[in-house]
Amino acid sequence: QVQLVESGGGLVQAGTSLTLSCAASGRTFSTSPMGWFRQAPGKEREFVAAISWSGTITYYTDSVKGRFTISRDNAKNILYLQMNSLEPEDTAVYYCAAAKPYKTFTQLGTRGRTYYDYWGQGTQVTVSS
């Protein structure tokens, strides 16, 4: 069983930066594809970014390309989401998610919630204008 705990959320002003972290338990983190999703009030949970188990391949939703960076530290079992130039539209609860080890990593597959097998509890990000 994998447990995921997000942290780093908060209230920030538009144009500033924030880094989210996701600490993972278990021995499979270094071989598990990981992703970040977000859910705004009244909206469905949506894909933000994904990273392969090795960290060499990343995917982003169009609205965050060039502003957000997903990365991972396999030695520390931590997933990151660096968010720059934040906009009020980025306000949401952010969730990290893990897929089972060595799951096939594709741009289309990693965008779906069903690709992932484990989820964190989420961390709130609020961007004021």
# chains A, B, ... in the order shown; residues from 1 in each chain; ligands from 1
>>> closest_atom_pairs(of="stretch 47-106 of chain A", to="stretch 23-30 of chain A", cutoff="7 Å", atoms="only C-alpha atoms", output="Markdown table")
| residue | atom | partner | partner_atom | distance |
| --- | --- | --- | --- | --- |
| A:Trp53 | CA | A:Ser30 | CA | 5.9 |
| A:Asn74 | CA | A:Ser30 | CA | 5.0 |
| A:Asn77 | CA | A:Ala24 | CA | 5.5 |
| A:Ile78 | CA | A:Ala23 | CA | 4.7 |
| A:Leu79 | CA | A:Ala23 | CA | 6.6 |
| A:Pro101 | CA | A:Thr28 | CA | 6.4 |
>>> residues_around(residues="A:Ser63", least_positions_apart="3", cutoff="12 Å", atoms="only C-alpha atoms", output="number ranges by chain")
A: 46-49, 59-60, 66-68, 83, 85-87, 89-90
>>> write_last_selection(atoms="all heavy atoms", output="compact mmCIF listing (two decimals), in the first residue's frame")
# COMPACT_ATOMS: atom_id res chain seq x y z
N GLU A 46 -9.08 17.62 -12.53
CA GLU A 46 -8.45 17.66 -13.84
C GLU A 46 -6.94 17.41 -13.75
O GLU A 46 -6.30 17.72 -12.74
CB GLU A 46 -8.68 19.02 -14.52
CG GLU A 46 -8.03 20.18 -13.83
CD GLU A 46 -8.13 21.48 -14.62
OE1 GLU A 46 -8.69 21.48 -15.73
OE2 GLU A 46 -7.61 22.50 -14.12
N PHE A 47 -6.41 16.87 -14.81
CA PHE A 47 -4.99 16.58 -14.92
C PHE A 47 -4.18 17.88 -14.98
O PHE A 47 -4.57 18.84 -15.65
CB PHE A 47 -4.75 15.75 -16.18
CG PHE A 47 -3.30 15.59 -16.55
CD1 PHE A 47 -2.52 14.65 -15.91
CD2 PHE A 47 -2.73 16.36 -17.54
CE1 PHE A 47 -1.19 14.48 -16.25
CE2 PHE A 47 -1.41 16.20 -17.91
CZ PHE A 47 -0.63 15.26 -17.25
N VAL A 48 -3.03 17.87 -14.29
CA VAL A 48 -2.12 19.00 -14.33
C VAL A 48 -0.79 18.59 -14.97
O VAL A 48 -0.33 19.21 -15.92
CB VAL A 48 -1.87 19.56 -12.92
CG1 VAL A 48 -0.82 20.67 -12.96
CG2 VAL A 48 -3.16 20.07 -12.31
N ALA A 49 -0.17 17.53 -14.42
CA ALA A 49 1.16 17.13 -14.90
C ALA A 49 1.42 15.69 -14.50
O ALA A 49 0.84 15.18 -13.55
CB ALA A 49 2.23 18.04 -14.34
N TYR A 59 4.71 15.38 -18.78
CA TYR A 59 3.58 15.88 -19.56
C TYR A 59 2.86 16.93 -18.74
O TYR A 59 2.81 16.85 -17.52
CB TYR A 59 2.60 14.76 -19.90
CG TYR A 59 3.17 13.61 -20.70
CD1 TYR A 59 3.07 12.29 -20.23
CD2 TYR A 59 3.78 13.82 -21.92
CE1 TYR A 59 3.58 11.23 -20.96
CE2 TYR A 59 4.30 12.77 -22.66
CZ TYR A 59 4.20 11.48 -22.17
OH TYR A 59 4.70 10.43 -22.90
N TYR A 60 2.28 17.90 -19.44
CA TYR A 60 1.56 18.97 -18.78
C TYR A 60 0.27 19.28 -19.52
O TYR A 60 0.19 19.13 -20.75
CB TYR A 60 2.39 20.26 -18.76
CG TYR A 60 3.68 20.15 -17.98
CD1 TYR A 60 4.86 19.77 -18.61
CD2 TYR A 60 3.72 20.43 -16.62
CE1 TYR A 60 6.05 19.66 -17.90
CE2 TYR A 60 4.90 20.33 -15.90
CZ TYR A 60 6.06 19.94 -16.55
OH TYR A 60 7.23 19.83 -15.84
N GLY A 66 4.96 25.89 -19.32
CA GLY A 66 5.80 27.07 -19.22
C GLY A 66 5.73 27.75 -17.87
O GLY A 66 6.56 28.63 -17.57
N ARG A 67 4.75 27.37 -17.03
CA ARG A 67 4.61 27.97 -15.70
C ARG A 67 4.88 26.95 -14.58
O ARG A 67 5.45 27.30 -13.55
CB ARG A 67 3.22 28.56 -15.51
CG ARG A 67 2.86 29.65 -16.49
CD ARG A 67 1.55 30.33 -16.10
NE ARG A 67 0.41 29.42 -16.08
CZ ARG A 67 -0.36 29.21 -15.02
NH1 ARG A 67 -0.12 29.82 -13.88
NH2 ARG A 67 -1.39 28.35 -15.10
N PHE A 68 4.44 25.73 -14.77
CA PHE A 68 4.59 24.68 -13.75
C PHE A 68 5.67 23.69 -14.18
O PHE A 68 5.85 23.43 -15.37
CB PHE A 68 3.29 23.91 -13.58
CG PHE A 68 2.17 24.69 -12.93
CD1 PHE A 68 2.24 26.05 -12.73
CD2 PHE A 68 1.02 24.02 -12.51
CE1 PHE A 68 1.21 26.75 -12.13
CE2 PHE A 68 -0.03 24.70 -11.91
CZ PHE A 68 0.07 26.07 -11.74
N MET A 83 5.26 25.85 -9.08
CA MET A 83 4.24 26.64 -9.78
C MET A 83 4.67 28.10 -9.79
O MET A 83 4.79 28.72 -8.73
CB MET A 83 2.89 26.49 -9.08
CG MET A 83 2.43 25.04 -8.95
SD MET A 83 0.77 24.88 -8.25
CE MET A 83 1.06 25.48 -6.59
N SER A 85 4.27 32.11 -11.73
CA SER A 85 3.30 33.00 -12.38
C SER A 85 1.88 32.54 -12.12
O SER A 85 1.06 32.42 -13.05
CB SER A 85 3.58 33.05 -13.89
OG SER A 85 4.89 33.49 -14.15
N LEU A 86 1.57 32.32 -10.88
CA LEU A 86 0.25 31.79 -10.53
C LEU A 86 -0.86 32.77 -10.90
O LEU A 86 -0.69 34.00 -10.83
CB LEU A 86 0.20 31.47 -9.05
CG LEU A 86 0.90 30.16 -8.67
CD1 LEU A 86 1.18 30.12 -7.17
CD2 LEU A 86 0.04 28.97 -9.08
N GLU A 87 -1.97 32.21 -11.30
CA GLU A 87 -3.15 32.97 -11.71
C GLU A 87 -4.33 32.59 -10.83
O GLU A 87 -4.36 31.47 -10.29
CB GLU A 87 -3.46 32.66 -13.18
CG GLU A 87 -2.30 32.91 -14.12
CD GLU A 87 -2.53 32.36 -15.51
OE1 GLU A 87 -3.54 31.64 -15.71
OE2 GLU A 87 -1.69 32.63 -16.40
N GLU A 89 -7.03 31.54 -11.70
CA GLU A 89 -7.62 30.32 -12.27
C GLU A 89 -6.91 29.05 -11.78
O GLU A 89 -7.41 27.94 -11.99
CB GLU A 89 -7.57 30.37 -13.79
CG GLU A 89 -8.47 31.43 -14.43
CD GLU A 89 -7.94 32.84 -14.24
OE1 GLU A 89 -6.71 33.01 -14.04
OE2 GLU A 89 -8.76 33.79 -14.29
N ASP A 90 -5.76 29.20 -11.15
CA ASP A 90 -5.05 28.04 -10.60
C ASP A 90 -5.58 27.64 -9.22
O ASP A 90 -5.14 26.62 -8.67
CB ASP A 90 -3.55 28.33 -10.49
CG ASP A 90 -2.90 28.57 -11.84
OD1 ASP A 90 -3.21 27.81 -12.79
OD2 ASP A 90 -2.09 29.51 -11.96
>>> select_by_dssp(residues="stretch 62-119 of chain A", states="helix (DSSP H, G or I)", output="list in words")
Asp62, Ser63, Val64, Pro88, Glu89, Asp90, Gly109, Thr110, Arg111, Arg113, Thr114 and Tyr115 of chain A
>>> select_by_dssp(residues="stretch 56-111 of chain A", states="strand (DSSP E or B)", output="JSON, numbers by chain")
{"A": [58, 59, 60, 68, 69, 70, 71, 72, 73, 78, 79, 80, 81, 82, 83, 92, 93, 94, 95, 96, 97, 98]}
>>> write_last_selection(atoms="N, CA and C atoms", output="mmCIF file, in the first residue's frame")
data_model
loop_
_atom_site.group_PDB
_atom_site.id
_atom_site.type_symbol
_atom_site.label_atom_id
_atom_site.label_comp_id
_atom_site.auth_asym_id
_atom_site.auth_seq_id
_atom_site.Cartn_x
_atom_site.Cartn_y
_atom_site.Cartn_z
ATOM 1 N N THR A 58 8.038 14.074 -18.996
ATOM 2 C CA THR A 58 6.993 14.824 -18.301
ATOM 3 C C THR A 58 5.920 15.267 -19.287
ATOM 4 N N TYR A 59 4.709 15.376 -18.784
ATOM 5 C CA TYR A 59 3.581 15.876 -19.563
ATOM 6 C C TYR A 59 2.863 16.935 -18.745
ATOM 7 N N TYR A 60 2.284 17.901 -19.438
ATOM 8 C CA TYR A 60 1.561 18.975 -18.785
ATOM 9 C C TYR A 60 0.266 19.275 -19.522
ATOM 10 N N PHE A 68 4.445 25.726 -14.772
ATOM 11 C CA PHE A 68 4.592 24.677 -13.755
ATOM 12 C C PHE A 68 5.671 23.695 -14.182
ATOM 13 N N THR A 69 6.358 23.134 -13.181
ATOM 14 C CA THR A 69 7.361 22.106 -13.425
ATOM 15 C C THR A 69 7.169 20.964 -12.436
ATOM 16 N N ILE A 70 6.988 19.779 -12.963
ATOM 17 C CA ILE A 70 6.900 18.590 -12.114
ATOM 18 C C ILE A 70 8.276 17.941 -12.047
ATOM 19 N N SER A 71 8.635 17.484 -10.862
ATOM 20 C CA SER A 71 9.925 16.821 -10.689
ATOM 21 C C SER A 71 9.816 15.826 -9.545
ATOM 22 N N ARG A 72 10.833 15.009 -9.400
ATOM 23 C CA ARG A 72 10.802 14.010 -8.340
ATOM 24 C C ARG A 72 12.205 13.743 -7.819
ATOM 25 N N ASP A 73 12.266 13.352 -6.566
ATOM 26 C CA ASP A 73 13.520 12.940 -5.939
ATOM 27 C C ASP A 73 13.315 11.503 -5.472
ATOM 28 N N ILE A 78 9.961 11.838 -2.824
ATOM 29 C CA ILE A 78 9.181 13.070 -2.843
ATOM 30 C C ILE A 78 8.917 13.499 -4.289
ATOM 31 N N LEU A 79 7.690 13.894 -4.526
ATOM 32 C CA LEU A 79 7.264 14.468 -5.788
ATOM 33 C C LEU A 79 7.038 15.963 -5.574
ATOM 34 N N TYR A 80 7.392 16.770 -6.578
ATOM 35 C CA TYR A 80 7.250 18.219 -6.459
ATOM 36 C C TYR A 80 6.416 18.782 -7.610
ATOM 37 N N LEU A 81 5.824 19.929 -7.338
ATOM 38 C CA LEU A 81 5.201 20.722 -8.385
ATOM 39 C C LEU A 81 5.577 22.179 -8.129
ATOM 40 N N GLN A 82 6.502 22.678 -8.943
ATOM 41 C CA GLN A 82 6.894 24.083 -8.862
ATOM 42 C C GLN A 82 5.923 24.891 -9.706
ATOM 43 N N MET A 83 5.255 25.852 -9.084
ATOM 44 C CA MET A 83 4.243 26.642 -9.778
ATOM 45 C C MET A 83 4.672 28.101 -9.791
ATOM 46 N N ALA A 92 -7.378 25.873 -6.524
ATOM 47 C CA ALA A 92 -7.955 24.531 -6.491
ATOM 48 C C ALA A 92 -7.328 23.737 -5.356
ATOM 49 N N VAL A 93 -7.896 22.581 -5.105
ATOM 50 C CA VAL A 93 -7.233 21.598 -4.258
ATOM 51 C C VAL A 93 -6.343 20.753 -5.176
ATOM 52 N N TYR A 94 -5.092 20.639 -4.829
ATOM 53 C CA TYR A 94 -4.124 19.899 -5.643
ATOM 54 C C TYR A 94 -3.856 18.532 -5.017
ATOM 55 N N TYR A 95 -3.926 17.504 -5.868
ATOM 56 C CA TYR A 95 -3.744 16.131 -5.424
ATOM 57 C C TYR A 95 -2.555 15.500 -6.148
ATOM 58 N N CYS A 96 -1.753 14.752 -5.423
ATOM 59 C CA CYS A 96 -0.769 13.932 -6.106
ATOM 60 C C CYS A 96 -1.315 12.510 -6.207
ATOM 61 N N ALA A 97 -0.827 11.795 -7.203
ATOM 62 C CA ALA A 97 -1.319 10.456 -7.467
ATOM 63 C C ALA A 97 -0.182 9.573 -7.949
ATOM 64 N N ALA A 98 -0.274 8.304 -7.624
ATOM 65 C CA ALA A 98 0.752 7.338 -8.009
ATOM 66 C C ALA A 98 0.135 6.176 -8.763
#
>>> closest_residue(among="A:Gly112, A:Gly10, A:Gly15, A:Pro41", to="A:Asn84", atoms="only C-alpha atoms")
A:Gly15
>>> residues_around(residues="A:Trp119", least_positions_apart="5", cutoff="10 Å", atoms="only C-alpha atoms", output="ChimeraX atom specification")
/A:2-6,34-37,95-99,113
>>> atom_distance(atom1="atom CA of A:Arg111", atom2="atom CA of A:Gly42")
19.8 Å
>>> closest_residue(among="A:Lys100, A:Gly122, A:Ile51, A:Gln39", to="A:Gln1", atoms="only C-alpha atoms")
A:Lys100
>>> residues_around(residues="A:Lys103", least_positions_apart="4", cutoff="10 Å", atoms="only C-alpha atoms", output="PDB file with all heavy atoms, in the first residue's frame")
ATOM      1  N   THR A  31       9.843   3.523  -8.864  1.00  0.00           N
ATOM      2  CA  THR A  31       9.448   2.835 -10.088  1.00  0.00           C
ATOM      3  C   THR A  31       8.008   3.139 -10.487  1.00  0.00           C
ATOM      4  O   THR A  31       7.460   2.511 -11.396  1.00  0.00           O
ATOM      5  CB  THR A  31       9.618   1.316  -9.935  1.00  0.00           C
ATOM      6  OG1 THR A  31       8.856   0.866  -8.806  1.00  0.00           O
ATOM      7  CG2 THR A  31      11.088   0.940  -9.751  1.00  0.00           C
ATOM      8  N   SER A  32       7.398   4.114  -9.837  1.00  0.00           N
ATOM      9  CA  SER A  32       5.996   4.451 -10.082  1.00  0.00           C
ATOM     10  C   SER A  32       5.845   5.769 -10.826  1.00  0.00           C
ATOM     11  O   SER A  32       6.378   6.786 -10.378  1.00  0.00           O
ATOM     12  CB  SER A  32       5.247   4.551  -8.762  1.00  0.00           C
ATOM     13  OG  SER A  32       5.210   3.322  -8.086  1.00  0.00           O
ATOM     14  N   PRO A  33       5.131   5.767 -11.917  1.00  0.00           N
ATOM     15  CA  PRO A  33       4.766   7.036 -12.534  1.00  0.00           C
ATOM     16  C   PRO A  33       3.905   7.844 -11.565  1.00  0.00           C
ATOM     17  O   PRO A  33       3.105   7.272 -10.822  1.00  0.00           O
ATOM     18  CB  PRO A  33       3.955   6.623 -13.771  1.00  0.00           C
ATOM     19  CG  PRO A  33       4.335   5.213 -14.029  1.00  0.00           C
ATOM     20  CD  PRO A  33       4.622   4.625 -12.696  1.00  0.00           C
ATOM     21  N   SER A  52       7.392  10.415 -15.486  1.00  0.00           N
ATOM     22  CA  SER A  52       7.722   8.995 -15.538  1.00  0.00           C
ATOM     23  C   SER A  52       8.503   8.578 -14.289  1.00  0.00           C
ATOM     24  O   SER A  52       9.006   9.430 -13.553  1.00  0.00           O
ATOM     25  CB  SER A  52       8.529   8.691 -16.788  1.00  0.00           C
ATOM     26  OG  SER A  52       9.759   9.423 -16.768  1.00  0.00           O
ATOM     27  N   TRP A  53       8.608   7.276 -14.077  1.00  0.00           N
ATOM     28  CA  TRP A  53       9.262   6.809 -12.855  1.00  0.00           C
ATOM     29  C   TRP A  53      10.716   7.249 -12.791  1.00  0.00           C
ATOM     30  O   TRP A  53      11.244   7.492 -11.707  1.00  0.00           O
ATOM     31  CB  TRP A  53       9.151   5.292 -12.725  1.00  0.00           C
ATOM     32  CG  TRP A  53       9.812   4.504 -13.824  1.00  0.00           C
ATOM     33  CD1 TRP A  53       9.238   4.075 -14.977  1.00  0.00           C
ATOM     34  CD2 TRP A  53      11.167   4.053 -13.855  1.00  0.00           C
ATOM     35  NE1 TRP A  53      10.154   3.403 -15.730  1.00  0.00           N
ATOM     36  CE2 TRP A  53      11.346   3.355 -15.071  1.00  0.00           C
ATOM     37  CE3 TRP A  53      12.241   4.159 -12.982  1.00  0.00           C
ATOM     38  CZ2 TRP A  53      12.557   2.771 -15.430  1.00  0.00           C
ATOM     39  CZ3 TRP A  53      13.449   3.580 -13.322  1.00  0.00           C
ATOM     40  CH2 TRP A  53      13.595   2.898 -14.540  1.00  0.00           C
ATOM     41  N   ALA A  99       0.811   5.763  -9.807  1.00  0.00           N
ATOM     42  CA  ALA A  99       0.401   4.563 -10.524  1.00  0.00           C
ATOM     43  C   ALA A  99       1.246   3.389 -10.037  1.00  0.00           C
ATOM     44  O   ALA A  99       2.280   3.575  -9.399  1.00  0.00           O
ATOM     45  CB  ALA A  99       0.590   4.753 -12.018  1.00  0.00           C
ATOM     46  N   GLY A 109      -2.638   8.295 -21.650  1.00  0.00           N
ATOM     47  CA  GLY A 109      -3.007   7.487 -20.485  1.00  0.00           C
ATOM     48  C   GLY A 109      -2.857   8.223 -19.167  1.00  0.00           C
ATOM     49  O   GLY A 109      -3.714   8.115 -18.281  1.00  0.00           O
ATOM     50  N   THR A 110      -1.799   8.980 -19.036  1.00  0.00           N
ATOM     51  CA  THR A 110      -1.526   9.627 -17.750  1.00  0.00           C
ATOM     52  C   THR A 110      -2.464  10.788 -17.455  1.00  0.00           C
ATOM     53  O   THR A 110      -2.474  11.295 -16.344  1.00  0.00           O
ATOM     54  CB  THR A 110      -0.080  10.128 -17.706  1.00  0.00           C
ATOM     55  OG1 THR A 110       0.162  10.978 -18.831  1.00  0.00           O
ATOM     56  CG2 THR A 110       0.900   8.973 -17.725  1.00  0.00           C
ATOM     57  N   TYR A 115      -5.826   5.988 -14.459  1.00  0.00           N
ATOM     58  CA  TYR A 115      -4.455   5.507 -14.636  1.00  0.00           C
ATOM     59  C   TYR A 115      -3.774   5.314 -13.285  1.00  0.00           C
ATOM     60  O   TYR A 115      -2.899   4.472 -13.133  1.00  0.00           O
ATOM     61  CB  TYR A 115      -3.685   6.517 -15.490  1.00  0.00           C
ATOM     62  CG  TYR A 115      -2.232   6.199 -15.699  1.00  0.00           C
ATOM     63  CD1 TYR A 115      -1.805   5.338 -16.706  1.00  0.00           C
ATOM     64  CD2 TYR A 115      -1.256   6.789 -14.892  1.00  0.00           C
ATOM     65  CE1 TYR A 115      -0.464   5.059 -16.908  1.00  0.00           C
ATOM     66  CE2 TYR A 115       0.079   6.513 -15.079  1.00  0.00           C
ATOM     67  CZ  TYR A 115       0.479   5.660 -16.084  1.00  0.00           C
ATOM     68  OH  TYR A 115       1.812   5.381 -16.274  1.00  0.00           O
ATOM     69  N   TYR A 116      -4.204   6.099 -12.308  1.00  0.00           N
ATOM     70  CA  TYR A 116      -3.529   6.142 -11.026  1.00  0.00           C
ATOM     71  C   TYR A 116      -4.225   5.249 -10.006  1.00  0.00           C
ATOM     72  O   TYR A 116      -5.449   5.119 -10.002  1.00  0.00           O
ATOM     73  CB  TYR A 116      -3.462   7.580 -10.525  1.00  0.00           C
ATOM     74  CG  TYR A 116      -2.719   8.456 -11.503  1.00  0.00           C
ATOM     75  CD1 TYR A 116      -3.400   9.126 -12.521  1.00  0.00           C
ATOM     76  CD2 TYR A 116      -1.329   8.585 -11.449  1.00  0.00           C
ATOM     77  CE1 TYR A 116      -2.719   9.896 -13.449  1.00  0.00           C
ATOM     78  CE2 TYR A 116      -0.646   9.363 -12.360  1.00  0.00           C
ATOM     79  CZ  TYR A 116      -1.347  10.007 -13.362  1.00  0.00           C
ATOM     80  OH  TYR A 116      -0.670  10.765 -14.286  1.00  0.00           O
TER      81      TYR A 116
END
>>> atom_distance(atom1="atom CA of A:Ala40", atom2="atom CA of A:Val64")
14.8 Å
>>> atom_distance(atom1="atom CA of A:Thr104", atom2="atom CA of A:Thr19")
27.1 Å
>>> closest_residue(among="A:Thr91, A:Thr114, A:Thr106, A:Thr123", to="A:Ala14", atoms="only C-alpha atoms")
A:Thr91
>>> closest_residue(among="A:Asp62, A:Val12, A:Pro88, A:Tyr102", to="A:Ser129", atoms="only C-alpha atoms")
A:Pro88
